[in-house]
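Coordinates as given in model.cif (mmCIF, C-alpha atoms and all ligand atoms):
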```cif
data_data
loop_
_atom_site.label_atom_id
_atom_site.label_comp_id
_atom_site.auth_asym_id
_atom_site.auth_seq_id
_atom_site.Cartn_x
_atom_site.Cartn_y
_atom_site.Cartn_z
CA MET A 1 -25.17 -31.99 -24.96
CA GLU A 2 -23.53 -28.55 -24.72
CA ILE A 3 -24.47 -25.62 -22.48
CA ILE A 4 -23.01 -22.12 -22.81
CA GLU A 5 -23.13 -19.86 -19.76
CA LYS A 6 -21.87 -16.29 -19.45
CA ALA A 7 -20.19 -15.13 -16.22
CA PRO A 8 -20.32 -11.32 -15.99
CA ALA A 9 -17.93 -9.25 -13.88
CA LYS A 10 -19.26 -7.05 -11.07
CA ILE A 11 -18.33 -3.61 -9.83
CA ASN A 12 -18.92 -2.30 -6.30
CA LEU A 13 -20.78 1.00 -6.55
CA GLY A 14 -20.49 1.06 -2.77
CA LEU A 15 -18.49 -1.00 -0.30
CA ASP A 16 -18.54 -0.29 3.42
CA ILE A 17 -16.80 -2.35 6.11
CA LEU A 18 -18.68 -2.27 9.41
CA HIS A 19 -16.73 -4.51 11.81
CA LYS A 20 -14.82 -7.76 12.14
CA ARG A 21 -17.01 -10.72 13.10
CA ASP A 22 -16.33 -13.59 15.47
CA ASP A 23 -15.96 -15.99 12.49
CA GLY A 24 -13.07 -13.88 11.12
CA TYR A 25 -15.05 -12.38 8.22
CA HIS A 26 -15.99 -8.70 8.08
CA GLU A 27 -19.55 -7.44 8.17
CA VAL A 28 -20.02 -5.44 4.97
CA GLU A 29 -22.64 -3.34 3.26
CA MET A 30 -22.33 -3.17 -0.52
CA ILE A 31 -24.12 -2.19 -3.70
CA MET A 32 -22.95 -4.35 -6.59
CA SER A 33 -23.79 -4.27 -10.27
CA SER A 34 -23.02 -6.51 -13.26
CA ILE A 35 -21.15 -5.10 -16.23
CA ASP A 36 -20.91 -6.20 -19.85
CA LEU A 37 -17.52 -7.85 -19.46
CA ALA A 38 -17.94 -11.58 -19.14
CA ASP A 39 -16.18 -14.93 -19.22
CA LYS A 40 -17.79 -17.53 -21.47
CA LEU A 41 -18.04 -21.07 -20.10
CA ILE A 42 -18.92 -24.03 -22.35
CA PHE A 43 -20.03 -27.23 -20.61
CA ARG A 44 -19.93 -30.62 -22.38
CA ASP A 45 -20.63 -34.12 -21.05
CA LEU A 46 -17.60 -36.39 -20.72
CA PRO A 47 -17.87 -40.17 -21.02
CA GLN A 48 -15.47 -40.66 -18.06
CA ASP A 49 -16.36 -39.51 -14.51
CA ARG A 50 -13.86 -36.64 -14.24
CA ILE A 51 -13.69 -32.84 -14.16
CA LEU A 52 -11.67 -31.40 -17.05
CA ILE A 53 -11.11 -27.62 -17.29
CA GLU A 54 -9.44 -26.03 -20.31
CA THR A 55 -8.81 -22.30 -20.59
CA ASP A 56 -7.22 -19.71 -22.84
CA SER A 57 -5.84 -17.89 -19.75
CA SER A 58 -2.31 -18.61 -18.59
CA PHE A 59 -3.12 -17.19 -15.10
CA LEU A 60 -5.65 -19.82 -14.11
CA PRO A 61 -5.17 -23.07 -12.23
CA VAL A 62 -7.32 -25.87 -13.75
CA ASP A 63 -7.33 -28.14 -10.68
CA LYS A 64 -9.20 -27.89 -7.38
CA ARG A 65 -7.83 -24.37 -6.80
CA ASN A 66 -10.15 -23.20 -9.59
CA HIS A 67 -13.53 -21.95 -8.33
CA ILE A 68 -15.21 -23.72 -11.27
CA TYR A 69 -13.73 -27.05 -10.17
CA GLN A 70 -14.93 -26.37 -6.59
CA ALA A 71 -18.47 -25.67 -7.83
CA VAL A 72 -18.58 -28.90 -9.88
CA LEU A 73 -17.23 -30.97 -6.99
CA LEU A 74 -19.74 -29.43 -4.59
CA LEU A 75 -22.69 -30.48 -6.78
CA LYS A 76 -21.21 -33.92 -7.56
CA GLU A 77 -20.69 -34.69 -3.87
CA ARG A 78 -23.95 -33.17 -2.60
CA PHE A 79 -26.10 -34.98 -5.19
CA SER A 80 -23.94 -38.13 -5.69
CA ILE A 81 -23.49 -37.42 -9.39
CA LYS A 82 -21.23 -39.86 -11.22
CA ARG A 83 -21.02 -37.97 -14.53
CA GLY A 84 -17.97 -36.33 -16.06
CA ILE A 85 -17.81 -32.77 -17.33
CA HIS A 86 -15.56 -30.83 -19.69
CA ILE A 87 -15.51 -27.06 -19.20
CA GLU A 88 -13.95 -24.68 -21.68
CA VAL A 89 -13.29 -21.27 -20.11
CA ARG A 90 -12.86 -18.25 -22.36
CA LYS A 91 -11.43 -15.84 -19.79
CA ARG A 92 -12.10 -12.14 -20.37
CA ILE A 93 -12.39 -10.80 -16.80
CA PRO A 94 -8.99 -9.78 -15.38
CA VAL A 95 -7.86 -12.22 -12.63
CA ALA A 96 -7.39 -11.19 -8.96
CA ALA A 97 -8.77 -7.80 -9.88
CA GLY A 98 -11.72 -7.07 -7.54
CA LEU A 99 -14.19 -7.89 -10.33
CA ALA A 100 -15.33 -11.27 -8.88
CA GLY A 101 -14.13 -13.20 -11.93
CA GLY A 102 -13.62 -16.46 -10.04
CA SER A 103 -16.85 -16.07 -8.08
CA SER A 104 -18.84 -15.37 -11.25
CA ASP A 105 -17.34 -18.44 -12.95
CA ALA A 106 -18.36 -20.56 -9.93
CA ALA A 107 -21.88 -19.09 -10.02
CA ALA A 108 -22.17 -19.71 -13.79
CA THR A 109 -21.09 -23.32 -13.19
CA LEU A 110 -23.80 -23.80 -10.55
CA ARG A 111 -26.46 -22.35 -12.90
CA ALA A 112 -25.31 -24.38 -15.90
CA LEU A 113 -25.00 -27.74 -14.12
CA ASN A 114 -28.36 -27.20 -12.43
CA ARG A 115 -29.77 -27.24 -15.98
CA LEU A 116 -27.50 -29.89 -17.52
CA TRP A 117 -27.94 -32.33 -14.63
CA GLN A 118 -31.61 -31.38 -14.07
CA LEU A 119 -31.12 -30.80 -10.34
CA GLY A 120 -34.18 -28.56 -10.00
CA LEU A 121 -32.48 -26.19 -7.53
CA SER A 122 -33.88 -22.68 -7.01
CA ILE A 123 -31.72 -19.57 -7.33
CA GLU A 124 -31.80 -19.28 -3.50
CA GLU A 125 -30.55 -22.87 -3.13
CA LEU A 126 -27.77 -22.27 -5.66
CA ALA A 127 -26.78 -19.09 -3.80
CA GLU A 128 -26.67 -20.95 -0.49
CA LEU A 129 -24.44 -23.66 -1.99
CA GLY A 130 -22.28 -20.95 -3.59
CA ALA A 131 -21.63 -19.27 -0.23
CA THR A 132 -19.44 -22.26 0.72
CA ILE A 133 -17.10 -21.36 -2.18
CA GLY A 134 -16.81 -17.61 -1.55
CA SER A 135 -18.60 -14.55 -0.17
CA ASP A 136 -19.26 -13.05 -3.63
CA VAL A 137 -20.70 -16.26 -5.17
CA PRO A 138 -24.29 -15.83 -3.82
CA TYR A 139 -24.46 -12.38 -5.44
CA CYS A 140 -22.97 -13.71 -8.69
CA VAL A 141 -25.59 -16.50 -8.91
CA ARG A 142 -28.22 -13.79 -9.37
CA GLY A 143 -26.10 -10.91 -10.78
CA ASN A 144 -27.74 -7.60 -11.79
CA THR A 145 -27.80 -4.80 -9.21
CA ALA A 146 -28.14 -5.79 -5.56
CA HIS A 147 -27.67 -4.64 -1.98
CA ALA A 148 -25.50 -7.01 0.06
CA THR A 149 -24.95 -7.32 3.80
CA GLY A 150 -23.55 -10.00 6.14
CA ARG A 151 -20.23 -11.15 4.67
CA GLY A 152 -21.73 -10.25 1.26
CA ASP A 153 -24.13 -13.20 1.22
CA ILE A 154 -27.39 -11.56 2.39
CA LEU A 155 -28.89 -10.05 -0.72
CA THR A 156 -31.73 -7.77 -1.71
CA PRO A 157 -32.24 -7.29 -5.46
CA LEU A 158 -32.36 -3.67 -6.70
CA PRO A 159 -33.52 -2.24 -10.02
CA ASP A 160 -30.86 -1.85 -12.72
CA MET A 161 -28.35 0.92 -12.00
CA PRO A 162 -28.70 3.96 -14.31
CA GLN A 163 -27.27 2.97 -17.69
CA CYS A 164 -23.86 4.46 -18.43
CA TRP A 165 -20.39 3.63 -19.77
CA VAL A 166 -17.85 1.96 -17.50
CA VAL A 167 -14.10 2.17 -18.14
CA ILE A 168 -12.24 -0.62 -16.35
CA VAL A 169 -8.52 -0.27 -15.62
CA LYS A 170 -6.59 -3.14 -14.01
CA PRO A 171 -2.99 -2.25 -13.19
CA ARG A 172 -0.38 -4.99 -13.44
CA VAL A 173 -0.40 -5.75 -9.68
CA SER A 174 -2.54 -8.61 -8.37
CA VAL A 175 -4.23 -8.06 -5.02
CA SER A 176 -5.12 -10.87 -2.64
CA THR A 177 -8.48 -10.15 -0.94
CA TRP A 178 -7.31 -12.15 2.06
CA THR A 179 -4.21 -9.93 2.53
CA ILE A 180 -6.24 -6.72 2.38
CA PHE A 181 -8.73 -7.99 4.98
CA THR A 182 -6.07 -9.52 7.24
CA ASP A 183 -4.19 -6.24 7.72
CA LEU A 184 -7.35 -4.17 8.10
CA ASP A 185 -7.61 -1.50 10.81
CA VAL A 186 -11.39 -1.03 10.71
CA ALA A 187 -11.30 2.03 13.02
CA SER A 188 -9.25 4.01 10.48
CA LEU A 189 -11.54 3.41 7.49
CA THR A 190 -13.68 6.01 5.76
CA HIS A 191 -17.29 5.05 5.09
CA PRO A 192 -19.31 5.75 1.94
CA ASP A 193 -23.00 6.54 2.37
CA VAL A 194 -24.32 3.21 1.08
CA ASN A 195 -27.91 4.24 1.75
CA ALA A 196 -27.46 7.27 -0.54
CA ILE A 197 -26.09 4.94 -3.25
CA LYS A 198 -29.07 2.63 -2.78
CA GLN A 199 -31.52 5.55 -3.01
CA ALA A 200 -29.77 6.81 -6.17
CA VAL A 201 -30.24 3.37 -7.77
CA LEU A 202 -33.86 3.12 -6.58
CA SER A 203 -34.67 6.55 -8.06
CA SER A 204 -32.46 5.93 -11.14
CA ASN A 205 -30.71 9.24 -10.41
CA TYR A 206 -27.33 9.15 -12.20
CA GLN A 207 -26.04 12.40 -10.66
CA ALA A 208 -26.93 11.27 -7.12
CA LEU A 209 -25.11 8.01 -7.85
CA ILE A 210 -22.01 9.88 -9.05
CA ASP A 211 -22.09 12.00 -5.87
CA SER A 212 -22.23 9.00 -3.53
CA VAL A 213 -20.18 6.06 -4.95
CA GLY A 214 -17.29 4.99 -2.72
CA ASN A 215 -15.29 2.11 -1.26
CA SER A 216 -13.90 1.76 2.30
CA LEU A 217 -11.06 -0.46 1.06
CA GLU A 218 -9.82 1.98 -1.56
CA SER A 219 -7.39 3.88 0.69
CA VAL A 220 -6.09 0.59 2.14
CA THR A 221 -5.20 -0.88 -1.26
CA ALA A 222 -4.01 2.51 -2.59
CA ASN A 223 -1.59 2.82 0.34
CA LYS A 224 0.01 -0.49 -0.67
CA TYR A 225 -0.24 0.17 -4.41
CA PRO A 226 -0.01 3.93 -5.23
CA ILE A 227 -0.92 3.18 -8.86
CA VAL A 228 -4.57 2.87 -7.73
CA GLN A 229 -4.64 6.55 -6.75
CA GLN A 230 -2.75 7.52 -9.92
CA ILE A 231 -5.37 5.76 -12.09
CA LYS A 232 -8.19 7.50 -10.23
CA GLU A 233 -6.61 10.91 -10.71
CA LYS A 234 -6.01 10.30 -14.42
CA MET A 235 -9.59 9.11 -14.93
CA MET A 236 -10.97 12.28 -13.35
CA LYS A 237 -8.51 14.42 -15.35
CA PHE A 238 -9.70 12.82 -18.61
CA GLY A 239 -13.34 13.59 -17.80
CA ALA A 240 -14.80 10.67 -15.81
CA ASP A 241 -17.94 11.52 -13.83
CA ALA A 242 -16.65 9.34 -10.97
CA ALA A 243 -13.73 6.93 -10.43
CA VAL A 244 -13.76 4.27 -7.70
CA MET A 245 -11.86 1.08 -6.88
CA SER A 246 -13.85 -2.17 -7.15
CA GLY A 247 -13.86 -4.75 -4.33
CA SER A 248 -10.46 -5.11 -2.69
CA GLY A 249 -8.86 -3.84 -5.91
CA PRO A 250 -6.69 -3.11 -7.68
CA THR A 251 -9.12 -2.44 -10.56
CA VAL A 252 -10.47 1.10 -10.74
CA PHE A 253 -13.60 1.86 -12.76
CA ALA A 254 -14.79 5.15 -14.17
CA LEU A 255 -18.45 5.97 -14.76
CA CYS A 256 -19.34 8.23 -17.71
CA ASP A 257 -22.79 9.01 -19.09
CA LYS A 258 -21.44 10.10 -22.50
CA TYR A 259 -19.57 7.68 -24.76
CA SER A 260 -17.22 10.47 -25.94
CA ARG A 261 -16.05 11.01 -22.34
CA ALA A 262 -15.62 7.29 -21.75
CA GLN A 263 -13.55 7.10 -24.91
CA ARG A 264 -11.36 9.98 -23.71
CA VAL A 265 -10.80 8.19 -20.37
CA TYR A 266 -10.08 4.92 -22.24
CA ASN A 267 -7.57 6.60 -24.58
CA GLY A 268 -5.92 8.49 -21.71
CA LEU A 269 -5.42 5.36 -19.64
CA LYS A 270 -4.53 2.93 -22.44
CA GLY A 271 -0.94 4.16 -22.59
CA PHE A 272 -0.59 3.97 -18.79
CA CYS A 273 -1.96 0.43 -18.24
CA ASP A 274 -2.40 -2.55 -20.63
CA ASP A 275 -5.61 -3.94 -19.22
CA VAL A 276 -8.20 -1.29 -20.11
CA HIS A 277 -11.80 -1.97 -21.20
CA ILE A 278 -14.72 0.20 -22.13
CA VAL A 279 -18.02 -1.54 -21.40
CA ARG A 280 -21.68 -0.86 -20.76
CA THR A 281 -23.59 -1.52 -17.55
CA LEU A 282 -25.54 -4.76 -17.93
CA GLN A 283 -29.32 -4.49 -17.90
CA SER A 284 -31.22 -7.36 -16.28
CA ASN A 285 -32.96 -8.31 -19.53
CA GLN A 286 -29.52 -8.79 -21.14
CA ILE A 287 -28.37 -11.50 -18.70
CA GLU A 288 -28.84 -15.00 -20.12
C1 LIG B 301 -14.19 -7.58 -1.16
C2 LIG B 301 -15.18 -8.24 -2.11
O1 LIG B 301 -14.58 -8.51 -3.36
C3 LIG B 301 -16.33 -7.28 -2.37
O2 LIG B 301 -17.13 -7.69 -3.43
C4 LIG B 301 -15.72 -9.52 -1.52
O3 LIG B 301 -16.40 -9.32 -0.32
C5 LIG B 301 -14.69 -10.60 -1.40
O4 LIG B 301 -15.34 -11.78 -1.69
P1 LIG B 301 -14.57 -13.15 -2.03
O5 LIG B 301 -13.41 -12.91 -2.92
O6 LIG B 301 -15.64 -14.10 -2.51
O7 LIG B 301 -14.04 -13.50 -0.60
P2 LIG B 301 -13.84 -14.90 0.13
O8 LIG B 301 -13.18 -15.85 -0.80
O9 LIG B 301 -15.13 -15.30 0.77
O10 LIG B 301 -12.84 -14.44 1.27
C6 LIG B 301 -11.48 -14.19 1.07
C7 LIG B 301 -10.94 -13.62 2.36
O11 LIG B 301 -11.40 -12.26 2.50
C8 LIG B 301 -11.79 -11.99 3.82
N1 LIG B 301 -13.19 -11.53 3.84
C9 LIG B 301 -14.00 -11.67 2.76
C10 LIG B 301 -15.30 -11.21 2.77
C11 LIG B 301 -15.76 -10.57 3.95
N2 LIG B 301 -16.99 -10.08 4.02
N3 LIG B 301 -14.93 -10.42 5.02
C12 LIG B 301 -13.65 -10.88 4.98
O12 LIG B 301 -12.92 -10.72 5.95
C13 LIG B 301 -11.57 -13.24 4.63
O13 LIG B 301 -10.30 -13.09 5.21
C14 LIG B 301 -11.48 -14.34 3.60
O14 LIG B 301 -10.58 -15.33 4.00
N1 LIG B 302 -12.22 -19.38 -12.45
C1 LIG B 302 -11.39 -18.51 -11.89
N2 LIG B 302 -11.26 -17.27 -12.38
C2 LIG B 302 -10.43 -16.37 -11.79
N3 LIG B 302 -9.66 -16.64 -10.72
C3 LIG B 302 -9.75 -17.85 -10.18
C4 LIG B 302 -10.62 -18.84 -10.73
N4 LIG B 302 -10.51 -19.93 -9.97
C5 LIG B 302 -9.60 -19.67 -9.01
N5 LIG B 302 -9.12 -18.43 -9.13
C6 LIG B 302 -8.13 -17.83 -8.25
O1 LIG B 302 -8.83 -16.93 -7.38
C7 LIG B 302 -8.01 -15.82 -7.06
C8 LIG B 302 -8.84 -14.54 -7.11
O2 LIG B 302 -9.22 -14.34 -8.44
P1 LIG B 302 -10.54 -13.52 -8.85
O3 LIG B 302 -10.34 -13.13 -10.28
O4 LIG B 302 -11.77 -14.26 -8.50
O5 LIG B 302 -10.38 -12.27 -7.89
P2 LIG B 302 -11.27 -11.04 -7.62
O6 LIG B 302 -11.71 -10.43 -8.92
O7 LIG B 302 -10.51 -10.17 -6.68
O8 LIG B 302 -12.56 -11.63 -6.89
P3 LIG B 302 -13.41 -10.96 -5.73
O9 LIG B 302 -13.86 -9.61 -6.23
O10 LIG B 302 -14.58 -11.96 -5.59
O11 LIG B 302 -12.54 -10.91 -4.53
C9 LIG B 302 -6.83 -15.84 -8.01
O12 LIG B 302 -5.69 -16.13 -7.25
C10 LIG B 302 -7.11 -16.97 -8.98
O13 LIG B 302 -5.97 -17.77 -9.28
#
```
Would you mind writing the file out in structure tokens?
Amino acid sequence: MEIIEKAPAKINLGLDILHKRDDGYHEVEMIMSSIDLADKLIFRDLPQDRILIETDSSFLPVDKRNHIYQAVLLLKERFSIKRGIHIEVRKRIPVAAGLAGGSSDAAATLRALNRLWQLGLSIEELAELGATIGSDVPYCVRGNTAHATGRGDILTPLPDMPQCWVVIVKPRVSVSTWTIFTDLDVASLTHPDVNAIKQAVLSSNYQALIDSVGNSLESVTANKYPIVQQIKEKMMKFGADAAVMSGSGPTVFALCDKYSRAQRVYNGLKGFCDDVHIVRTLQSNQIE
């Protein structure tokens, strides 16, 4: 038996940091959306009781450091499953980029094994299990456009964001989310108007969305890695409607309603960075 599951990347249309909590995490308010840039995971039964991950990416660990491995182990232990699994990972989402690649792979694994092993878990139960792997996993279990609070794990689904083109640029630096949060001086952060972003999505108002997108962590990561600001400036110069960092970075995404503009941004940035993609927003009826 073989199951194929797609794991789409996310962008943060809005990311606000409210305060540091007693458990060490930060209280956040975010609007996230899935984009049409996805890893492909292929699950096959193994005769032996073991977890075997194979990938075409040289950046990924294939042992228990991999979020996919952690998701498999979680289900095996929780439901006393003595079956083996082979997972082939075709990695397309840049790693350590702020695009939730690892979290989306973990979420795809939970969804796929729920089917393959006939566990009968609801989306809410999968999300709750996923929260033990990472703060972004509950969102990734569901995907689409959502409002997130708590440490990112309390979710309210939203309608699809207005359809547009998204140009993704990942500079060569890798950013550790933990490092960005550890050094954070919350009092010095700027705050996007997340409610305005939410209203723009609810009313499907592209211009209002462009006017309100923003990320509290952008200046923090850009201070450590000036290339983030340089990418933003170039994107705007080449005609992006908006350019914002995703997650804790370093990826910056540009939103463009016209393909010709997106192509201009893509061409302008391609010479500056290697890892540049032009993709569409993902509509909920496109997610498998
Ligand atoms: C910044 C975002 O990418 C926005 O989507 C996410 O909130 C990060 O989610 P993630 O990568 O799944 O994060 P986790 O693996 O749960 O946490 C990594 C580290 O980031 C910090 N962290 C993360 C999320 C959060 N709300 N507050 C935090 O302080 C914690 O120090 C934690 O040790
Ligand atoms: N399946 C996986 N895909 C990508 N990274 C993984 C995976 N499993 C473990 N990792 C590790 O997780 C770390 C973060 O990678 P990831 O691509 O998830 O970051 P990210 O895009 O910043 O995620 P987030 O936006 O959720 O913080 C890397 O150090 C990577 O080695």
(message) Just checking: using all atoms listed in the file, which residue out of A:Val72, A:Leu217, A:Leu126, A:Cys164 ends up closest to ligand LIG 301 (chain B)?
(response) A:Leu217
Determine the axis-aligned bounding box of all atoms of ligand LIG 302 (chain B) present in the file, pad each side by 8 Å, and express its centre and edge lengths in Å to one decimal place as AutoDock Vina command-line options.
```
--center_x -10.1 --center_y -14.8 --center_z -8.5 --size_x 24.9 --size_y 26.3 --size_z 23.9
```
Nearby residues, ligand LIG 302 (chain B), 8 Å, only C-alpha atoms and all ligand atoms, as an mmCIF file with C-alpha atoms, keeping the file's coordinate frame:
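Saved to part.cif:
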```cif
data_model
loop_
_atom_site.group_PDB
_atom_site.id
_atom_site.type_symbol
_atom_site.label_atom_id
_atom_site.label_comp_id
_atom_site.auth_asym_id
_atom_site.auth_seq_id
_atom_site.Cartn_x
_atom_site.Cartn_y
_atom_site.Cartn_z
ATOM 1 C CA LYS A 10 -19.260 -7.050 -11.070
ATOM 2 C CA PHE A 59 -3.120 -17.190 -15.100
ATOM 3 C CA LEU A 60 -5.650 -19.820 -14.110
ATOM 4 C CA PRO A 61 -5.170 -23.070 -12.230
ATOM 5 C CA VAL A 62 -7.320 -25.870 -13.750
ATOM 6 C CA ARG A 65 -7.830 -24.370 -6.800
ATOM 7 C CA ASN A 66 -10.150 -23.200 -9.590
ATOM 8 C CA HIS A 67 -13.530 -21.950 -8.330
ATOM 9 C CA ILE A 68 -15.210 -23.720 -11.270
ATOM 10 C CA TYR A 69 -13.730 -27.050 -10.170
ATOM 11 C CA VAL A 89 -13.290 -21.270 -20.110
ATOM 12 C CA LYS A 91 -11.430 -15.840 -19.790
ATOM 13 C CA ILE A 93 -12.390 -10.800 -16.800
ATOM 14 C CA PRO A 94 -8.990 -9.780 -15.380
ATOM 15 C CA VAL A 95 -7.860 -12.220 -12.630
ATOM 16 C CA ALA A 96 -7.390 -11.190 -8.960
ATOM 17 C CA ALA A 97 -8.770 -7.800 -9.880
ATOM 18 C CA GLY A 98 -11.720 -7.070 -7.540
ATOM 19 C CA LEU A 99 -14.190 -7.890 -10.330
ATOM 20 C CA ALA A 100 -15.330 -11.270 -8.880
ATOM 21 C CA GLY A 101 -14.130 -13.200 -11.930
ATOM 22 C CA GLY A 102 -13.620 -16.460 -10.040
ATOM 23 C CA SER A 103 -16.850 -16.070 -8.080
ATOM 24 C CA SER A 104 -18.840 -15.370 -11.250
ATOM 25 C CA ASP A 105 -17.340 -18.440 -12.950
ATOM 26 C CA ALA A 106 -18.360 -20.560 -9.930
ATOM 27 C CA GLY A 134 -16.810 -17.610 -1.550
ATOM 28 C CA SER A 135 -18.600 -14.550 -0.170
ATOM 29 C CA ASP A 136 -19.260 -13.050 -3.630
ATOM 30 C CA VAL A 137 -20.700 -16.260 -5.170
ATOM 31 C CA VAL A 175 -4.230 -8.060 -5.020
ATOM 32 C CA SER A 176 -5.120 -10.870 -2.640
ATOM 33 C CA THR A 177 -8.480 -10.150 -0.940
ATOM 34 C CA SER A 246 -13.850 -2.170 -7.150
ATOM 35 C CA GLY A 247 -13.860 -4.750 -4.330
ATOM 36 C CA SER A 248 -10.460 -5.110 -2.690
ATOM 37 C CA GLY A 249 -8.860 -3.840 -5.910
#
```
Around (-24.3, 10.1, -9.6) in the file's frame, which residues reach within 12 Å when counting all atoms listed in the file? Return as a PDB file with C-alpha atoms, in the coordinates of the input?
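Output file out_26.pdb is given in full below:
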```pdb
ATOM      1  CA  LEU A  13     -20.780   1.000  -6.550  1.00  0.00           C
ATOM      2  CA  GLY A  14     -20.490   1.060  -2.770  1.00  0.00           C
ATOM      3  CA  MET A 161     -28.350   0.920 -12.000  1.00  0.00           C
ATOM      4  CA  PRO A 162     -28.700   3.960 -14.310  1.00  0.00           C
ATOM      5  CA  GLN A 163     -27.270   2.970 -17.690  1.00  0.00           C
ATOM      6  CA  CYS A 164     -23.860   4.460 -18.430  1.00  0.00           C
ATOM      7  CA  ALA A 196     -27.460   7.270  -0.540  1.00  0.00           C
ATOM      8  CA  ILE A 197     -26.090   4.940  -3.250  1.00  0.00           C
ATOM      9  CA  LYS A 198     -29.070   2.630  -2.780  1.00  0.00           C
ATOM     10  CA  GLN A 199     -31.520   5.550  -3.010  1.00  0.00           C
ATOM     11  CA  ALA A 200     -29.770   6.810  -6.170  1.00  0.00           C
ATOM     12  CA  VAL A 201     -30.240   3.370  -7.770  1.00  0.00           C
ATOM     13  CA  SER A 203     -34.670   6.550  -8.060  1.00  0.00           C
ATOM     14  CA  SER A 204     -32.460   5.930 -11.140  1.00  0.00           C
ATOM     15  CA  ASN A 205     -30.710   9.240 -10.410  1.00  0.00           C
ATOM     16  CA  TYR A 206     -27.330   9.150 -12.200  1.00  0.00           C
ATOM     17  CA  GLN A 207     -26.040  12.400 -10.660  1.00  0.00           C
ATOM     18  CA  ALA A 208     -26.930  11.270  -7.120  1.00  0.00           C
ATOM     19  CA  LEU A 209     -25.110   8.010  -7.850  1.00  0.00           C
ATOM     20  CA  ILE A 210     -22.010   9.880  -9.050  1.00  0.00           C
ATOM     21  CA  ASP A 211     -22.090  12.000  -5.870  1.00  0.00           C
ATOM     22  CA  SER A 212     -22.230   9.000  -3.530  1.00  0.00           C
ATOM     23  CA  VAL A 213     -20.180   6.060  -4.950  1.00  0.00           C
ATOM     24  CA  GLY A 214     -17.290   4.990  -2.720  1.00  0.00           C
ATOM     25  CA  ALA A 240     -14.800  10.670 -15.810  1.00  0.00           C
ATOM     26  CA  ASP A 241     -17.940  11.520 -13.830  1.00  0.00           C
ATOM     27  CA  ALA A 242     -16.650   9.340 -10.970  1.00  0.00           C
ATOM     28  CA  ALA A 243     -13.730   6.930 -10.430  1.00  0.00           C
ATOM     29  CA  ALA A 254     -14.790   5.150 -14.170  1.00  0.00           C
ATOM     30  CA  LEU A 255     -18.450   5.970 -14.760  1.00  0.00           C
ATOM     31  CA  CYS A 256     -19.340   8.230 -17.710  1.00  0.00           C
ATOM     32  CA  ASP A 257     -22.790   9.010 -19.090  1.00  0.00           C
TER      33      ASP A 257
END
```
(request) Mind giving me the straight-line distance from CA of Glu218 in chain A to CA of Asp16 in chain A in Å, one decimal? (result) 10.3 Å
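For the set A:Ala71, A:Val228, A:Ser260, A:Ile35, the residue with the smallest atom-to-atom gap to His277 in chain A is A:Ile35, counting all atoms listed in the file.
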(request) Write out as a PyMOL selection string each polymer residue whose atoms come within 12 Å of Asn223 in chain A, counting only C-alpha atoms; drop sequence neighbours fewer than 6 positions from it. (result) chain A and resi 180+183-184+217+229-230+249-250
Output of the above residues as a compact mmCIF listing (two decimals), in the frame of the given file, restricted to C-alpha atoms:
```txt
# COMPACT_ATOMS: atom_id res chain seq x y z
CA ILE A 180 -6.24 -6.72 2.38
CA ASP A 183 -4.19 -6.24 7.72
CA LEU A 184 -7.35 -4.17 8.10
CA LEU A 217 -11.06 -0.46 1.06
CA GLN A 229 -4.64 6.55 -6.75
CA GLN A 230 -2.75 7.52 -9.92
CA GLY A 249 -8.86 -3.84 -5.91
CA PRO A 250 -6.69 -3.11 -7.68
```
(message) Given only C-alpha atoms as the basis, pick out the residue of A:Ser216, A:Ser174, A:Gln48, A:Thr190 nearest to Val244 in chain A.
(response)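 Closest candidate: A:Ser216.
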(request) To one decimal in Å, tell me the separation between atom P2 of ligand LIG 301 (chain B) and CA of Leu202 in chain A. (result) 27.8 Å
